[in-house]
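Data block for start.txt (compact mmCIF, C-alpha atoms and all ligand atoms):
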```
# COMPACT_ATOMS: atom_id res chain seq x y z
CA MET A 1 -5.64 -28.13 34.41
CA ILE A 2 -7.58 -26.34 31.65
CA SER A 3 -11.38 -26.45 31.60
CA GLU A 4 -13.28 -29.24 29.84
CA LYS A 5 -14.77 -26.71 27.45
CA MET A 6 -11.34 -25.30 26.52
CA LYS A 7 -9.94 -28.79 25.96
CA VAL A 8 -12.40 -29.28 23.11
CA LEU A 9 -11.84 -25.79 21.70
CA VAL A 10 -8.06 -26.18 21.72
CA GLU A 11 -8.34 -29.49 19.90
CA GLN A 12 -10.61 -27.99 17.24
CA SER A 13 -8.39 -25.00 16.57
CA SER A 14 -5.33 -27.15 16.06
CA VAL A 15 -6.03 -27.62 12.31
CA ILE A 16 -5.51 -23.94 11.46
CA ARG A 17 -2.65 -23.59 13.94
CA ALA A 18 -0.97 -26.65 12.43
CA MET A 19 -1.31 -25.14 8.96
CA PHE A 20 0.27 -21.89 10.14
CA GLU A 21 3.23 -23.80 11.64
CA GLU A 22 3.46 -25.95 8.52
CA GLY A 23 3.72 -22.83 6.33
CA LYS A 24 6.61 -21.51 8.41
CA ASN A 25 8.43 -24.86 8.31
CA MET A 26 7.91 -25.19 4.57
CA ALA A 27 9.31 -21.70 3.99
CA LYS A 28 12.48 -22.74 5.89
CA LEU A 29 12.73 -25.97 3.95
CA TYR A 30 11.98 -24.82 0.39
CA GLY A 31 12.62 -21.04 0.58
CA ALA A 32 9.82 -18.54 1.19
CA GLU A 33 9.49 -17.74 -2.53
CA ASN A 34 8.63 -21.39 -3.29
CA VAL A 35 5.79 -21.68 -0.78
CA TYR A 36 2.34 -20.40 -1.77
CA ASP A 37 0.41 -19.64 1.38
CA PHE A 38 -3.24 -18.84 0.63
CA SER A 39 -4.47 -19.88 4.07
CA LEU A 40 -4.81 -16.61 5.99
CA GLY A 41 -7.20 -13.68 5.64
CA ASN A 42 -4.52 -11.21 6.65
CA PRO A 43 -4.68 -8.07 4.45
CA SER A 44 -1.68 -7.81 2.12
CA VAL A 45 -2.28 -4.16 1.19
CA ASN A 46 -0.61 -1.60 3.47
CA PRO A 47 -2.89 0.68 5.49
CA PRO A 48 -3.59 3.90 3.56
CA ARG A 49 -1.03 6.71 3.98
CA GLN A 50 -3.63 8.77 5.90
CA ILE A 51 -3.51 6.27 8.80
CA LYS A 52 0.15 6.93 9.57
CA ASP A 53 -0.46 10.68 9.30
CA ALA A 54 -3.52 10.47 11.55
CA ILE A 55 -1.62 8.45 14.19
CA LYS A 56 1.10 11.11 14.25
CA SER A 57 -1.41 13.96 14.40
CA VAL A 58 -3.44 12.35 17.19
CA VAL A 59 -0.31 11.76 19.26
CA ASP A 60 1.11 15.23 18.56
CA GLU A 61 -2.01 17.34 18.72
CA GLU A 62 -4.56 15.79 21.04
CA ASP A 63 -4.80 15.87 24.83
CA GLU A 64 -2.84 12.87 26.19
CA ASN A 65 -5.38 12.08 28.87
CA LEU A 66 -8.07 11.98 26.24
CA VAL A 67 -6.05 9.87 23.83
CA HIS A 68 -4.96 7.26 26.35
CA GLY A 69 -7.64 7.42 29.03
CA TYR A 70 -10.74 5.46 29.89
CA MET A 71 -13.97 6.71 28.40
CA ASN A 72 -17.61 5.67 28.18
CA ASN A 73 -17.64 1.87 27.62
CA SER A 74 -19.33 2.49 24.27
CA GLY A 75 -16.51 4.68 22.99
CA TYR A 76 -15.78 8.40 22.55
CA GLU A 77 -18.96 10.34 21.85
CA ASP A 78 -17.39 12.46 19.10
CA VAL A 79 -16.14 9.32 17.32
CA ARG A 80 -19.55 7.63 17.59
CA ASP A 81 -21.23 10.81 16.40
CA ALA A 82 -18.94 11.03 13.36
CA VAL A 83 -19.49 7.34 12.53
CA ALA A 84 -23.28 7.83 12.73
CA ASN A 85 -23.13 10.92 10.48
CA SER A 86 -20.92 9.15 7.96
CA LEU A 87 -23.38 6.23 7.76
CA ASN A 88 -26.32 8.62 7.43
CA THR A 89 -24.63 10.41 4.54
CA LYS A 90 -23.73 7.18 2.75
CA PHE A 91 -26.94 5.20 3.32
CA GLY A 92 -29.66 7.73 4.10
CA THR A 93 -30.09 6.31 7.60
CA ASN A 94 -30.92 8.28 10.72
CA PHE A 95 -28.45 7.11 13.39
CA SER A 96 -27.09 9.15 16.28
CA TYR A 97 -24.06 8.49 18.48
CA GLU A 98 -26.34 6.47 20.80
CA ASN A 99 -26.77 3.85 18.08
CA ILE A 100 -23.01 3.31 17.71
CA LEU A 101 -20.84 1.23 20.04
CA MET A 102 -17.12 1.14 19.30
CA THR A 103 -15.81 -2.45 19.54
CA VAL A 104 -12.66 -4.53 19.56
CA GLY A 105 -13.02 -5.45 15.88
CA ALA A 106 -15.85 -7.47 14.38
CA ALA A 107 -15.02 -10.38 16.68
CA GLY A 108 -15.42 -8.18 19.76
CA GLY A 109 -18.66 -6.76 18.36
CA LEU A 110 -20.19 -10.17 17.74
CA ASN A 111 -19.30 -11.35 21.24
CA VAL A 112 -20.91 -8.21 22.68
CA VAL A 113 -24.12 -8.86 20.71
CA PHE A 114 -24.19 -12.51 21.74
CA LYS A 115 -23.50 -11.69 25.40
CA THR A 116 -26.28 -9.10 25.28
CA LEU A 117 -28.95 -11.26 23.64
CA LEU A 118 -28.33 -14.95 24.22
CA ASN A 119 -29.61 -17.17 27.01
CA PRO A 120 -28.11 -20.67 27.27
CA GLY A 121 -29.87 -22.94 24.75
CA ASP A 122 -30.92 -20.07 22.46
CA GLU A 123 -30.28 -20.68 18.78
CA VAL A 124 -28.23 -18.68 16.29
CA VAL A 125 -28.92 -19.57 12.65
CA VAL A 126 -26.17 -19.24 10.03
CA PHE A 127 -25.88 -20.15 6.36
CA ALA A 128 -23.10 -22.56 5.39
CA PRO A 129 -20.41 -21.90 4.45
CA PHE A 130 -19.66 -19.53 7.34
CA PHE A 131 -16.65 -18.04 9.19
CA GLY A 132 -15.64 -20.90 11.49
CA GLU A 133 -15.12 -18.70 14.55
CA TYR A 134 -18.90 -18.14 14.76
CA ARG A 135 -19.13 -21.60 16.30
CA ASN A 136 -16.80 -20.58 19.13
CA TYR A 137 -18.42 -17.19 19.70
CA VAL A 138 -21.87 -18.81 20.04
CA SER A 139 -20.49 -21.51 22.34
CA ASN A 140 -19.02 -18.75 24.57
CA PHE A 141 -22.58 -18.10 25.73
CA ASP A 142 -23.77 -21.74 25.78
CA ALA A 143 -26.07 -21.09 22.87
CA LYS A 144 -26.48 -23.37 19.86
CA LEU A 145 -25.35 -22.73 16.29
CA VAL A 146 -27.94 -23.97 13.78
CA VAL A 147 -26.54 -24.35 10.26
CA VAL A 148 -28.61 -23.95 7.09
CA PRO A 149 -27.00 -26.31 4.53
CA PRO A 150 -25.13 -24.62 1.67
CA ASN A 151 -26.76 -23.62 -1.58
CA THR A 152 -23.84 -24.68 -3.74
CA LYS A 153 -25.50 -23.42 -6.94
CA ASN A 154 -24.56 -19.80 -6.23
CA PHE A 155 -23.92 -19.66 -2.44
CA MET A 156 -26.78 -17.21 -1.91
CA PRO A 157 -28.83 -17.92 1.24
CA ASP A 158 -31.36 -20.73 0.94
CA MET A 159 -34.67 -19.22 2.11
CA GLU A 160 -36.47 -22.54 2.39
CA GLY A 161 -33.63 -23.84 4.51
CA LEU A 162 -33.84 -20.71 6.64
CA GLY A 163 -37.57 -21.16 7.17
CA ALA A 164 -36.99 -24.74 8.26
CA ALA A 165 -34.12 -23.81 10.61
CA ILE A 166 -35.99 -21.17 12.61
CA THR A 167 -37.69 -22.44 15.77
CA ALA A 168 -39.17 -20.90 18.92
CA LYS A 169 -35.60 -20.88 20.29
CA THR A 170 -34.12 -18.77 17.47
CA LYS A 171 -32.85 -15.47 18.83
CA ILE A 172 -30.48 -14.45 16.06
CA VAL A 173 -29.96 -15.02 12.35
CA LEU A 174 -26.37 -14.18 11.48
CA ILE A 175 -25.36 -13.17 7.96
CA ASN A 176 -22.05 -12.10 6.48
CA THR A 177 -21.96 -10.12 3.24
CA PRO A 178 -19.60 -9.73 1.39
CA ASN A 179 -19.00 -13.27 2.47
CA ASN A 180 -16.05 -15.15 3.92
CA PRO A 181 -15.36 -17.69 2.38
CA THR A 182 -17.41 -17.40 -0.87
CA GLY A 183 -17.08 -13.70 -1.76
CA VAL A 184 -20.79 -13.44 -2.63
CA VAL A 185 -22.65 -10.20 -1.93
CA TYR A 186 -26.33 -10.35 -0.96
CA ASP A 187 -28.24 -8.16 -3.40
CA ASP A 188 -31.43 -6.16 -2.95
CA ALA A 189 -33.77 -9.03 -3.97
CA THR A 190 -32.05 -11.49 -1.62
CA LEU A 191 -32.28 -9.13 1.36
CA LYS A 192 -35.96 -8.45 0.61
CA GLU A 193 -36.66 -12.20 0.58
CA LEU A 194 -34.66 -12.71 3.75
CA ALA A 195 -36.60 -9.94 5.50
CA LYS A 196 -39.89 -11.49 4.39
CA VAL A 197 -39.01 -14.90 5.86
CA LEU A 198 -37.90 -13.30 9.13
CA GLN A 199 -41.03 -11.13 9.41
CA GLU A 200 -43.21 -14.18 8.85
CA LYS A 201 -41.32 -16.15 11.48
CA GLU A 202 -41.49 -13.27 13.98
CA ALA A 203 -45.27 -13.24 13.49
CA GLN A 204 -45.55 -17.05 13.67
CA PHE A 205 -43.62 -17.32 16.94
CA ASN A 206 -44.69 -13.93 18.29
CA MET A 207 -41.14 -12.95 19.27
CA PRO A 208 -38.35 -10.77 17.91
CA ILE A 209 -35.71 -12.44 15.76
CA TYR A 210 -32.60 -10.28 15.46
CA LEU A 211 -30.73 -10.22 12.18
CA VAL A 212 -27.04 -9.64 12.84
CA ALA A 213 -25.12 -8.48 9.74
CA ASP A 214 -21.39 -9.13 10.12
CA GLU A 215 -19.76 -6.73 7.64
CA PRO A 216 -15.98 -6.57 7.95
CA TYR A 217 -15.71 -6.82 4.14
CA ARG A 218 -18.29 -4.10 3.29
CA GLU A 219 -15.68 -1.91 1.58
CA LEU A 220 -14.07 -4.75 -0.41
CA ALA A 221 -16.45 -5.04 -3.35
CA TYR A 222 -15.64 -5.24 -7.07
CA ASP A 223 -17.14 -4.24 -10.43
CA ASN A 224 -19.11 -1.44 -8.73
CA VAL A 225 -21.44 -3.97 -7.14
CA GLU A 226 -23.76 -2.42 -4.57
CA VAL A 227 -23.56 -3.76 -1.00
CA PRO A 228 -27.01 -2.78 0.33
CA TYR A 229 -27.32 -1.52 3.91
CA VAL A 230 -29.22 -4.21 5.79
CA THR A 231 -31.05 -2.03 8.37
CA LYS A 232 -33.18 -0.68 5.52
CA TYR A 233 -34.67 -4.10 4.83
CA TYR A 234 -35.52 -5.51 8.23
CA THR A 235 -36.25 -3.55 11.39
CA ASN A 236 -34.63 -5.85 13.95
CA THR A 237 -31.17 -5.59 12.38
CA ILE A 238 -27.88 -5.02 14.21
CA VAL A 239 -24.78 -4.35 12.09
CA GLY A 240 -21.23 -5.31 13.05
CA TYR A 241 -18.47 -3.45 11.22
CA SER A 242 -14.70 -3.59 11.41
CA TYR A 243 -11.76 -1.57 10.10
CA SER A 244 -9.59 -4.71 10.01
CA LYS A 245 -9.95 -5.13 6.24
CA SER A 246 -11.21 -1.75 5.02
CA LEU A 247 -8.14 0.01 6.48
CA SER A 248 -5.84 -3.05 6.81
CA LEU A 249 -5.73 -2.67 10.60
CA PRO A 250 -6.56 -6.15 11.95
CA GLY A 251 -4.02 -5.93 14.75
CA GLU A 252 -5.40 -2.63 16.02
CA ARG A 253 -8.72 -4.27 16.96
CA ILE A 254 -11.20 -1.59 16.03
CA GLY A 255 -14.77 -1.71 14.72
CA TYR A 256 -18.28 -0.77 15.79
CA LEU A 257 -21.81 -2.03 16.25
CA VAL A 258 -24.86 -0.23 14.92
CA ILE A 259 -27.87 -0.83 17.17
CA PRO A 260 -30.77 1.13 15.64
CA SER A 261 -33.37 2.77 17.92
CA GLU A 262 -36.15 1.00 15.98
CA ILE A 263 -35.26 -2.55 17.04
CA THR A 264 -37.36 -4.30 19.69
CA ASP A 265 -36.11 -3.38 23.20
CA ALA A 266 -33.55 -0.99 21.67
CA LYS A 267 -32.98 1.02 24.85
CA ASP A 268 -32.28 -2.06 26.97
CA ILE A 269 -30.09 -3.60 24.28
CA ILE A 270 -28.03 -0.43 23.77
CA SER A 271 -27.30 -0.07 27.48
CA ALA A 272 -26.73 -3.82 27.99
CA ALA A 273 -24.29 -3.89 25.06
CA GLY A 274 -22.20 -1.17 26.73
CA VAL A 275 -22.10 -3.23 29.91
CA ALA A 276 -21.28 -6.37 27.89
CA ASN A 277 -18.35 -4.56 26.27
CA ARG A 278 -17.03 -3.76 29.74
CA ILE A 279 -17.58 -7.07 31.48
CA LEU A 280 -16.30 -9.21 28.63
CA GLY A 281 -13.05 -7.53 29.55
CA PHE A 282 -12.79 -5.27 26.51
CA VAL A 283 -13.84 -2.31 28.77
CA ASN A 284 -13.78 -0.08 25.69
CA ALA A 285 -12.38 -0.23 22.16
CA PRO A 286 -8.69 0.87 21.99
CA SER A 287 -8.61 4.60 22.56
CA LEU A 288 -5.84 5.86 20.27
CA ILE A 289 -7.09 4.04 17.21
CA GLN A 290 -10.65 5.29 17.84
CA ARG A 291 -9.26 8.81 17.51
CA VAL A 292 -7.37 7.77 14.37
CA VAL A 293 -10.40 6.35 12.58
CA LEU A 294 -12.28 9.56 13.42
CA ARG A 295 -9.82 11.31 11.09
CA CYS A 296 -10.08 8.61 8.41
CA LEU A 297 -13.78 7.82 8.17
CA ASP A 298 -13.94 8.14 4.41
CA VAL A 299 -10.61 6.47 3.68
CA ASN A 300 -10.28 2.91 2.30
CA VAL A 301 -7.51 0.61 1.17
CA ASP A 302 -6.86 0.40 -2.56
CA VAL A 303 -9.31 -2.36 -3.53
CA GLU A 304 -7.85 -2.50 -7.03
CA VAL A 305 -4.88 -4.45 -5.65
CA TYR A 306 -7.20 -7.26 -4.51
CA ASN A 307 -9.22 -6.97 -7.71
CA ARG A 308 -6.12 -7.61 -9.80
CA ASN A 309 -5.38 -10.72 -7.72
CA ARG A 310 -8.99 -11.87 -8.02
CA GLU A 311 -8.98 -11.57 -11.81
CA LEU A 312 -5.68 -13.41 -12.23
CA LEU A 313 -6.52 -16.27 -9.88
CA TYR A 314 -10.16 -16.69 -10.86
CA ASN A 315 -9.48 -16.62 -14.62
CA SER A 316 -6.52 -18.99 -14.32
CA LEU A 317 -8.35 -21.51 -12.14
CA LYS A 318 -11.37 -21.51 -14.46
CA GLU A 319 -9.03 -22.14 -17.40
CA TYR A 320 -7.57 -25.17 -15.56
CA GLY A 321 -11.09 -26.58 -15.04
CA TYR A 322 -11.87 -25.57 -11.46
CA GLU A 323 -15.47 -24.78 -10.50
CA CYS A 324 -15.95 -21.57 -8.56
CA VAL A 325 -18.47 -18.72 -8.22
CA LYS A 326 -16.76 -15.46 -9.20
CA PRO A 327 -16.49 -13.50 -5.95
CA GLN A 328 -18.00 -10.01 -5.93
CA GLY A 329 -16.42 -9.02 -2.64
CA ALA A 330 -13.99 -9.89 0.20
CA PHE A 331 -10.71 -11.55 -0.81
CA TYR A 332 -11.44 -15.26 -1.04
CA LEU A 333 -12.21 -17.84 -3.72
CA PHE A 334 -14.25 -20.86 -2.67
CA VAL A 335 -13.31 -23.61 -5.07
CA LYS A 336 -14.76 -27.09 -5.62
CA THR A 337 -12.26 -29.89 -5.05
CA PHE A 338 -13.55 -31.81 -8.08
CA ASP A 339 -14.96 -34.94 -6.43
CA MET A 340 -12.14 -35.26 -3.94
CA ASP A 341 -12.49 -35.07 -0.16
CA ASP A 342 -11.47 -31.51 0.76
CA LYS A 343 -8.91 -32.58 3.37
CA GLU A 344 -7.32 -34.95 0.85
CA PHE A 345 -7.24 -32.09 -1.67
CA VAL A 346 -5.57 -29.82 0.90
CA ALA A 347 -2.89 -32.48 1.48
CA LYS A 348 -2.34 -32.86 -2.27
CA ALA A 349 -2.08 -29.08 -2.64
CA LYS A 350 0.49 -29.05 0.15
CA SER A 351 2.63 -31.49 -1.82
CA LYS A 352 2.89 -28.66 -4.39
CA ASN A 353 3.68 -26.16 -1.61
CA ILE A 354 0.19 -24.62 -1.94
CA LEU A 355 -1.59 -23.94 1.37
CA VAL A 356 -5.39 -23.60 1.35
CA VAL A 357 -8.10 -24.20 3.97
CA PRO A 358 -10.58 -27.10 3.73
CA GLY A 359 -14.23 -26.13 3.20
CA SER A 360 -15.23 -28.34 6.12
CA SER A 361 -13.76 -25.65 8.42
CA PHE A 362 -16.55 -23.42 7.06
CA GLY A 363 -19.30 -26.08 7.30
CA CYS A 364 -19.05 -26.91 3.59
CA PRO A 365 -16.97 -29.99 2.71
CA GLY A 366 -15.95 -30.61 -0.91
CA TYR A 367 -14.52 -27.10 -1.32
CA VAL A 368 -11.41 -25.19 -0.31
CA ARG A 369 -10.93 -21.52 0.54
CA ILE A 370 -8.15 -19.67 -1.23
CA ALA A 371 -7.33 -16.30 0.33
CA TYR A 372 -6.00 -14.00 -2.41
CA CYS A 373 -4.93 -11.19 -0.06
CA VAL A 374 -1.36 -12.07 -1.05
CA ASP A 375 1.42 -10.82 -3.27
CA TYR A 376 0.47 -10.80 -6.98
CA ASP A 377 3.76 -12.42 -7.96
CA MET A 378 3.18 -15.24 -5.50
CA ILE A 379 -0.08 -15.98 -7.30
CA LYS A 380 1.79 -16.05 -10.62
CA ARG A 381 4.40 -18.44 -9.22
CA SER A 382 1.70 -20.72 -7.80
CA LEU A 383 -0.28 -21.16 -11.03
CA LYS A 384 1.74 -24.08 -12.37
CA GLY A 385 1.00 -25.99 -9.15
CA PHE A 386 -2.72 -25.24 -9.40
CA GLU A 387 -2.74 -26.44 -13.00
CA GLU A 388 -1.00 -29.71 -12.11
CA LEU A 389 -3.38 -30.18 -9.17
CA ALA A 390 -6.39 -29.87 -11.46
CA GLN A 391 -4.96 -32.42 -13.85
CA GLU A 392 -4.34 -34.88 -11.00
CA CYS A 393 -7.68 -34.38 -9.24
CA LYS A 394 -10.11 -34.19 -12.15
N1 LIG B 1 -16.21 -11.97 10.65
C1 LIG B 1 -15.70 -12.47 9.52
C2 LIG B 1 -16.61 -13.00 8.48
C3 LIG B 1 -14.31 -12.50 9.32
O1 LIG B 1 -13.80 -13.02 8.20
C4 LIG B 1 -13.46 -11.99 10.34
C5 LIG B 1 -11.99 -12.02 10.20
O2 LIG B 1 -11.43 -12.50 9.28
C6 LIG B 1 -14.06 -11.48 11.48
C7 LIG B 1 -15.42 -11.48 11.62
C8 LIG B 1 -13.21 -10.92 12.59
O3 LIG B 1 -12.80 -9.64 12.22
P1 LIG B 1 -11.95 -8.69 13.22
O4 LIG B 1 -10.52 -8.94 12.94
O5 LIG B 1 -12.38 -7.32 12.85
O6 LIG B 1 -12.36 -9.04 14.59
```

Turn the structure described in the file into structure tokens.
Amino acid sequence: MISEKMKVLVEQSSVIRAMFEEGKNMAKLYGAENVYDFSLGNPSVNPPRQIKDAIKSVVDEEDENLVHGYMNNSGYEDVRDAVANSLNTKFGTNFSYENILMTVGAAGGLNVVFKTLLNPGDEVVVFAPFFGEYRNYVSNFDAKLVVVPPNTKNFMPDMEGLGAAITAKTKIVLINTPNNPTGVVYDDATLKELAKVLQEKEAQFNMPIYLVADEPYRELAYDNVEVPYVTKYYTNTIVGYSYSKSLSLPGERIGYLVIPSEITDAKDIISAAGVANRILGFVNAPSLIQRVVLRCLDVNVDVEVYNRNRELLYNSLKEYGYECVKPQGAFYLFVKTFDMDDKEFVAKAKSKNILVVPGSSFGCPGYVRIAYCVDYDMIKRSLKGFEELAQECK
């Protein structure tokens, strides 16, 4: 008999699972080339060539015990040192290996942070729309997710809403930029405002409020837009990074946390996070791929492939009358469903073999998420369906 808590979680995750199964069935029924699956955030671009080379070199050249063995729960020191130096060069920061904890992707990193900081009943504030898994990660530690309603004008964070959401129980404010599902990037002015609200609230409640910046899409930004480094704006910031999207390695489960020495209780948090990594069962981030990313720190996927998809899909949908903020990063469009219920819209889209995710899964009904990390030609083939959908739903 599964636990009461899991019963609820299994029920809730059935929507996305059902869509995944549906996609496979539809491909069998209509032929894969006639099904347009925009539901998953799985990178479509191959990992850069350097990854394959680095895997071979690590396996051929490095000490086997080192490559496959246990290590410090926080990761190999030389890898953490190189990550810190790379960040310092890029962002003018002053991190050392002690500030870096190698994690099992962004998901592993967030769970480590939550395990480290949250008591049952503590509150984690997020801005809608948000990555739906946050709800589950917060519930893992019996904390409460507090949602700031969406600012549908431009999907930038609503500072008044943030001020109203923070209480004496707030431990963490969680942001995600570039954002899944909207693609917006928080600019300098936005981060300054955010920091101001948080500083005021820290003073009002006389307690630290940690800003956790979830950044798996940091490298996927378009039109030379700057993605500012959040630790520069607000002292109590922890950054979660992942190579899942920047190197197209989601299955390898590799990322890191940055826990700066300047945050309140830094020493305790750094050592507790290492223990959390171990006792959550991760033990340490996968060893071989840690050694691979060490050799590929300044390598990224070819973002132009996603950019081409973004331009085609965004421009076409706008032409058909859809409302959507042009994404500056990540690989999603968040599109208004005219005045139709989002789940109804998803069903209608499915009748044209188009699979998209309802905005309600991201805490923002009335929209759908379209993941454009797909084949360019599939987008082209899908456009007729999107055009017909617009005509029927307007
Ligand atoms: N955070 C956000 C906003 C995401 O979109 C994802 C994955 O899509 C994750 C975290 C999890 O990333 P990872 O695969 O690195 O654990």

remark   = Of A:Ala164, A:Leu101, A:Ala285, A:Leu145, the one sitting nearest A:Glu133 when using all atoms listed in the file is A:Leu145

query = Neighbours of A:Asp78 within 8 Å (all atoms listed in the file; same-chain residues fewer than 3 positions away dropped), as an NGL selection string?
reply = :A and (81-82 or 97)

Spatial neighbours of stretch 247-261 of chain A, max dist 8 Å, only C-alpha atoms, sep filter under 2 positions, as a PyMOL selection string = chain A and resi 42-48+95+99-106+109+231+237-245+263+266-267+269-270+285-286+289-290+299-301

message = One decimal, in Å: what's the spacing between atom CA of A:Ser57 and atom CA of A:Pro216?
response = 26.0 Å

Between atom CA of A:Lys192 and atom CA of A:Asn151 - distance in Å to one decimal =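 Here the two named atoms are 17.9 Å from each other.
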
Work out where the centre of an axis-aligned box around every listed atom of ligand LIG 1 (chain B) lies and how long its edges are once 8 Å is added on each side; give both in Å to one decimal as JSON.
```
{"center_x": -13.6, "center_y": -10.2, "center_z": 11.4, "size_x": 22.1, "size_y": 21.7, "size_z": 22.4}
```

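One distance worth recording is that between atom CA of A:Thr89 and atom CA of A:Asn224, which is 18.6 Å.
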
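The shortest atom-to-atom distance to ligand LIG 1 (chain B), with all atoms listed in the file taken into account, belongs to A:Thr182 out of A:Asn140, A:Ser316, A:Thr182, A:Ser74.
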
request  = For A:Tyr367, list every protein, DNA or RNA residue within 7 Å, evaluated using all atoms listed in the file, and leave out those in the same chain fewer than 3 positions away; present the list as a PyMOL selection string.
outcome  = chain A and resi 334-337+342+358-359+364

task = Kindly indicate which residue among A:Phe338, A:Phe345, A:Phe205, A:Phe362 lies nearest to ligand LIG 1 (chain B), using all atoms listed in the file for the distances.
result =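 Checking each of A:Phe338, A:Phe345, A:Phe205, A:Phe362 against ligand LIG 1 (chain B), counting all atoms listed in the file, the winner is A:Phe362.
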
query = Looking at all atoms listed in the file, which of A:Asn180, A:Asn136, A:Thr116, A:Asn307 is the one that sits closest to ligand LIG 1 (chain B)?
reply =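 Of A:Asn180, A:Asn136, A:Thr116, A:Asn307, the one nearest ligand LIG 1 (chain B), counting all atoms listed in the file, is A:Asn180.
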
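The residue that comes closest to ligand LIG 1 (chain B), out of A:Lys326, A:Arg218, A:Arg80, A:Lys5 and on the basis of all atoms listed in the file, is A:Arg218.
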
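Distances to ligand LIG 1 (chain B) were evaluated for A:Ser246, A:Ser86, A:Asn119, A:Gln204 using all atoms listed in the file, and the minimum falls at A:Ser246.
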
request  = Would you mind listing what lies within 12 Å of A:Asn353 as a PyMOL selection string, with only C-alpha atoms counted and same-chain residues fewer than 4 positions away left out?
outcome  = chain A and resi 19+22-27+29-39+346-349+378+381-386+389

message = Report as a ChimeraX atom specification all protein, DNA and RNA residues lying within 10 Å of stretch 166-174 of chain A, evaluated on all atoms listed in the file, omitting residues in the same chain fewer than 2 positions from it.
response = /A:110,113-114,117-119,121-127,130,134,143-146,148,161-164,176,197-198,201-202,204-214,236-239

Reconstruct N, CA, C and O atoms of stretch 91-102 of chain A; output as an mmCIF file, in the frame of the given file.
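New file part_31.cif:
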```
data_model
loop_
_atom_site.group_PDB
_atom_site.id
_atom_site.type_symbol
_atom_site.label_atom_id
_atom_site.label_comp_id
_atom_site.auth_asym_id
_atom_site.auth_seq_id
_atom_site.Cartn_x
_atom_site.Cartn_y
_atom_site.Cartn_z
ATOM 1 N N PHE A 91 -25.822 6.142 3.506
ATOM 2 C CA PHE A 91 -26.940 5.200 3.320
ATOM 3 C C PHE A 91 -28.317 5.806 3.585
ATOM 4 O O PHE A 91 -29.309 5.087 3.573
ATOM 5 N N GLY A 92 -28.360 7.095 3.861
ATOM 6 C CA GLY A 92 -29.660 7.730 4.100
ATOM 7 C C GLY A 92 -30.325 7.224 5.366
ATOM 8 O O GLY A 92 -31.556 7.223 5.466
ATOM 9 N N THR A 93 -29.547 6.797 6.331
ATOM 10 C CA THR A 93 -30.090 6.310 7.600
ATOM 11 C C THR A 93 -30.228 7.487 8.570
ATOM 12 O O THR A 93 -29.939 8.631 8.198
ATOM 13 N N ASN A 94 -30.641 7.190 9.794
ATOM 14 C CA ASN A 94 -30.920 8.280 10.720
ATOM 15 C C ASN A 94 -30.328 7.948 12.102
ATOM 16 O O ASN A 94 -31.006 8.058 13.107
ATOM 17 N N PHE A 95 -29.074 7.528 12.127
ATOM 18 C CA PHE A 95 -28.450 7.110 13.390
ATOM 19 C C PHE A 95 -27.887 8.310 14.138
ATOM 20 O O PHE A 95 -27.520 9.320 13.529
ATOM 21 N N SER A 96 -27.806 8.153 15.469
ATOM 22 C CA SER A 96 -27.090 9.150 16.280
ATOM 23 C C SER A 96 -25.976 8.403 17.008
ATOM 24 O O SER A 96 -25.884 7.171 16.925
ATOM 25 N N TYR A 97 -25.180 9.145 17.782
ATOM 26 C CA TYR A 97 -24.060 8.490 18.480
ATOM 27 C C TYR A 97 -24.555 7.371 19.389
ATOM 28 O O TYR A 97 -23.857 6.390 19.629
ATOM 29 N N GLU A 98 -25.809 7.498 19.876
ATOM 30 C CA GLU A 98 -26.340 6.470 20.800
ATOM 31 C C GLU A 98 -26.498 5.104 20.130
ATOM 32 O O GLU A 98 -26.562 4.090 20.806
ATOM 33 N N ASN A 99 -26.601 5.109 18.811
ATOM 34 C CA ASN A 99 -26.770 3.850 18.080
ATOM 35 C C ASN A 99 -25.430 3.177 17.747
ATOM 36 O O ASN A 99 -25.414 2.083 17.170
ATOM 37 N N ILE A 100 -24.341 3.834 18.085
ATOM 38 C CA ILE A 100 -23.010 3.310 17.710
ATOM 39 C C ILE A 100 -22.244 2.905 18.968
ATOM 40 O O ILE A 100 -22.152 3.667 19.928
ATOM 41 N N LEU A 101 -21.689 1.700 18.931
ATOM 42 C CA LEU A 101 -20.840 1.230 20.040
ATOM 43 C C LEU A 101 -19.504 0.798 19.461
ATOM 44 O O LEU A 101 -19.456 -0.104 18.614
ATOM 45 N N MET A 102 -18.445 1.478 19.844
ATOM 46 C CA MET A 102 -17.120 1.140 19.300
ATOM 47 C C MET A 102 -16.655 -0.190 19.916
ATOM 48 O O MET A 102 -16.799 -0.394 21.135
#
```
